[in-house]
Structure formats: structure tokens, C-alpha cells
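Undergrad: Here it is, the structure in full.
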Amino acid sequence: MEAANQAFYDAVENSDLDALEAIVLTGPLAESVAVVHPGWPVLRGRREVMRSYALIMANTEYIQFFLTDVEVAVDGDTALVTCTENILTGGPAEDDGSAGSLVGGLVVATNVFRHTPEGWRLWVHHGSPVLADESDDPEAAGDPDA
């Protein structure tokens, strides 16, 4: 199960649309495949989801995911993975060949997988940006009324 989750992130990191095609659910449930990219509306249907990833891959020079807080729950043919995506993205390389500017961000993600005869396949991906840091959390700041 964890391998399927990692394969999803590896495919996006490597801009490998073929690998992503292999991990996204097909068959009778293909029209129920859904994704929410941070800041985007819900996209439904395998074709629309794959189109969105093709656009992201075509317009992203560099992306790397460092996954933390990974939690997996499996019940029969369905698995739920929650994690924090620590994302590093960058623009085009500089004229001298050095790396372009890099930007980091945090996204909390929920990935739902379905077990098929071909193995675990991604059914739903939902990513939400983390807009607050721990200092914005009243409980983390020790506020007893939080």
C-alpha cells in the first residue's frame, strides 16, 4: 500500500504521465476518480484528472515531495493515506546553468486507494494548502481557552 502512495508522488515528481496513468484507478469506477489540487475546484472523472496532471507537469519545471506525518488505514479493498506534502518547487534554470529560484510549501493531503486485480490504484487525491503555522494555533501557544 505504501508503495502505491510513493509511486503516485514519484510519478508527479518525475513528470511521468505514463507512470501516473498506471497508478490512477480505471474500470467501472473511473468516472468517480476525483482530485482537488490546492486552490482548484474538484475535478471528477479519470480523463479530467489526468488532463489536470498533464497540465501541471507541462508547466512545472521542478517539484520534489518530502512526505511527513504519513498515516495509512486499510479496510478491505479501500485504503486511506493522510500525509503532509513538504513541497519544493522551482522555476527554470538560470542562464549560467545553476538552479532557478526554489519555493517551499506545505500541503496536507488525503489519498484514497482502491485494491484491484492489478494492485492498489489511486481513487481520490485531495490536497489543501497549510496557511497557518503552529504559532497561529491557540493550543500550540498554550491558550487554555482554545
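Labeling convention for the C-alpha cells: chains A, B, ... as they appear, residues from 1 per chain, ligands from 1 in order of appearance.
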Counting only C-alpha atoms, give me one row per residue of segment 23-98 of chain A with an atom at most 10 Å from an atom of segment 108-118 of chain A, showing the shortest contact pair and its distance in Å to one decimal, sorted by chain then residue number, as a Markdown table.

TA:
| residue | atom | partner | partner_atom | distance |
| --- | --- | --- | --- | --- |
| A:Ile23 | CA | A:Phe113 | CA | 9.4 |
| A:Val24 | CA | A:Phe113 | CA | 8.8 |
| A:Leu25 | CA | A:Arg114 | CA | 7.4 |
| A:Thr26 | CA | A:Thr116 | CA | 9.2 |
| A:Gly27 | CA | A:Thr116 | CA | 9.5 |
| A:Leu29 | CA | A:Arg114 | CA | 9.6 |
| A:Val33 | CA | A:Val112 | CA | 9.7 |
| A:Ala34 | CA | A:Val112 | CA | 9.8 |
| A:Val35 | CA | A:Asn111 | CA | 9.2 |
| A:Val36 | CA | A:Ala109 | CA | 9.5 |
| A:His37 | CA | A:Ala109 | CA | 9.5 |
| A:Pro38 | CA | A:Val108 | CA | 9.4 |
| A:Leu67 | CA | A:Val108 | CA | 9.7 |
| A:Thr68 | CA | A:Val108 | CA | 9.6 |
| A:Asp69 | CA | A:Val108 | CA | 9.3 |
| A:Val70 | CA | A:Ala109 | CA | 9.5 |
| A:Glu71 | CA | A:Thr110 | CA | 9.7 |
| A:Val72 | CA | A:Asn111 | CA | 9.5 |
| A:Ala73 | CA | A:Val112 | CA | 9.7 |
| A:Val74 | CA | A:Phe113 | CA | 9.1 |
| A:Asp75 | CA | A:Arg114 | CA | 10.0 |
| A:Gly76 | CA | A:His115 | CA | 8.2 |
| A:Asp77 | CA | A:His115 | CA | 4.8 |
| A:Thr78 | CA | A:Arg114 | CA | 4.7 |
| A:Ala79 | CA | A:Phe113 | CA | 5.0 |
| A:Leu80 | CA | A:Val112 | CA | 4.7 |
| A:Val81 | CA | A:Asn111 | CA | 5.0 |
| A:Thr82 | CA | A:Thr110 | CA | 4.6 |
| A:Cys83 | CA | A:Ala109 | CA | 5.4 |
| A:Thr84 | CA | A:Val108 | CA | 4.4 |
| A:Glu85 | CA | A:Val108 | CA | 6.0 |
| A:Asn86 | CA | A:Val108 | CA | 8.7 |

Undergrad: Restricting it to C-alpha atoms, dump the selection as a PDB file, in the first residue's frame.

TA:
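For reference, selection_0.pdb as written:
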ATOM      1  CA  ILE A  23      -1.492   4.242 -10.725  1.00  0.00           C
ATOM      2  CA  VAL A  24      -4.838   6.052 -11.261  1.00  0.00           C
ATOM      3  CA  LEU A  25      -7.926   3.857 -10.998  1.00  0.00           C
ATOM      4  CA  THR A  26      -9.514   2.548 -14.210  1.00  0.00           C
ATOM      5  CA  GLY A  27     -12.522   0.355 -14.915  1.00  0.00           C
ATOM      6  CA  LEU A  29     -15.073   3.411 -11.068  1.00  0.00           C
ATOM      7  CA  VAL A  33     -11.907   9.321  -9.736  1.00  0.00           C
ATOM      8  CA  ALA A  34     -11.507  12.781  -8.211  1.00  0.00           C
ATOM      9  CA  VAL A  35      -8.772  15.248  -7.369  1.00  0.00           C
ATOM     10  CA  VAL A  36      -8.601  18.558  -5.560  1.00  0.00           C
ATOM     11  CA  HIS A  37      -5.354  20.352  -6.261  1.00  0.00           C
ATOM     12  CA  PRO A  38      -4.622  23.159  -3.775  1.00  0.00           C
ATOM     13  CA  LEU A  67       6.295  13.315   2.842  1.00  0.00           C
ATOM     14  CA  THR A  68       5.854  13.529   6.613  1.00  0.00           C
ATOM     15  CA  ASP A  69       3.133  12.527   9.071  1.00  0.00           C
ATOM     16  CA  VAL A  70       2.167   9.617   6.810  1.00  0.00           C
ATOM     17  CA  GLU A  71      -0.716   7.561   8.244  1.00  0.00           C
ATOM     18  CA  VAL A  72      -2.241   4.555   6.482  1.00  0.00           C
ATOM     19  CA  ALA A  73      -5.530   2.816   7.237  1.00  0.00           C
ATOM     20  CA  VAL A  74      -6.706  -0.187   5.221  1.00  0.00           C
ATOM     21  CA  ASP A  75     -10.186  -1.685   5.310  1.00  0.00           C
ATOM     22  CA  GLY A  76     -10.750  -4.428   2.788  1.00  0.00           C
ATOM     23  CA  ASP A  77     -10.327  -3.078  -0.735  1.00  0.00           C
ATOM     24  CA  THR A  78     -10.003   0.558   0.352  1.00  0.00           C
ATOM     25  CA  ALA A  79      -7.029   2.372   1.856  1.00  0.00           C
ATOM     26  CA  LEU A  80      -6.801   5.875   3.252  1.00  0.00           C
ATOM     27  CA  VAL A  81      -3.476   7.694   3.380  1.00  0.00           C
ATOM     28  CA  THR A  82      -3.063  11.065   5.036  1.00  0.00           C
ATOM     29  CA  CYS A  83       0.205  12.966   4.963  1.00  0.00           C
ATOM     30  CA  THR A  84       1.891  16.314   4.816  1.00  0.00           C
ATOM     31  CA  GLU A  85       3.490  17.148   1.486  1.00  0.00           C
ATOM     32  CA  ASN A  86       6.545  19.311   2.093  1.00  0.00           C
TER      33      ASN A  86
END

Undergrad: Excluding segment 52-59 of chain A and residues on its chain fewer than 3 positions from it, collect all residues at most 12 Å away from it, counting only C-alpha atoms, and give them as a PyMOL selection string.

TA: chain A and resi 8-9+11-21+24+34-38+40-49+62-63+89-92+125

Undergrad: Can you work out the spacing between atom CA of Glu2 of chain A and atom CA of Leu122 of chain A in Å, to one decimal?

TA: 11.7 Å

Undergrad: Among the residues of chain A, find those DSSP assigns to helix (DSSP H, G or I) from the backbone and print them as number ranges by chain.

TA: A: 2-13, 17-23, 27-32, 46-58, 134-136

Undergrad: When DSSP is applied to the backbone of this structure, which of chain A are assigned strand (DSSP E or B)? Write them out as a VMD selection string.

TA: chain A and resid 24 34 to 36 43 to 44 62 to 75 78 to 90 102 to 116 119 to 129

Undergrad: For each of A:Met1, A:His126, A:Val107, A:Leu131, take the minimum atom-to-atom distance to Phe65 of chain A, counting only C-alpha atoms, then give the residue where this is smallest.

TA: A:Val107

Undergrad: May I ask which of the residues A:Ile87, A:Arg51, A:Glu94, A:Glu31 is the closest one to Pro129 of chain A, counting only C-alpha atoms?

TA: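 Closest candidate: A:Ile87.
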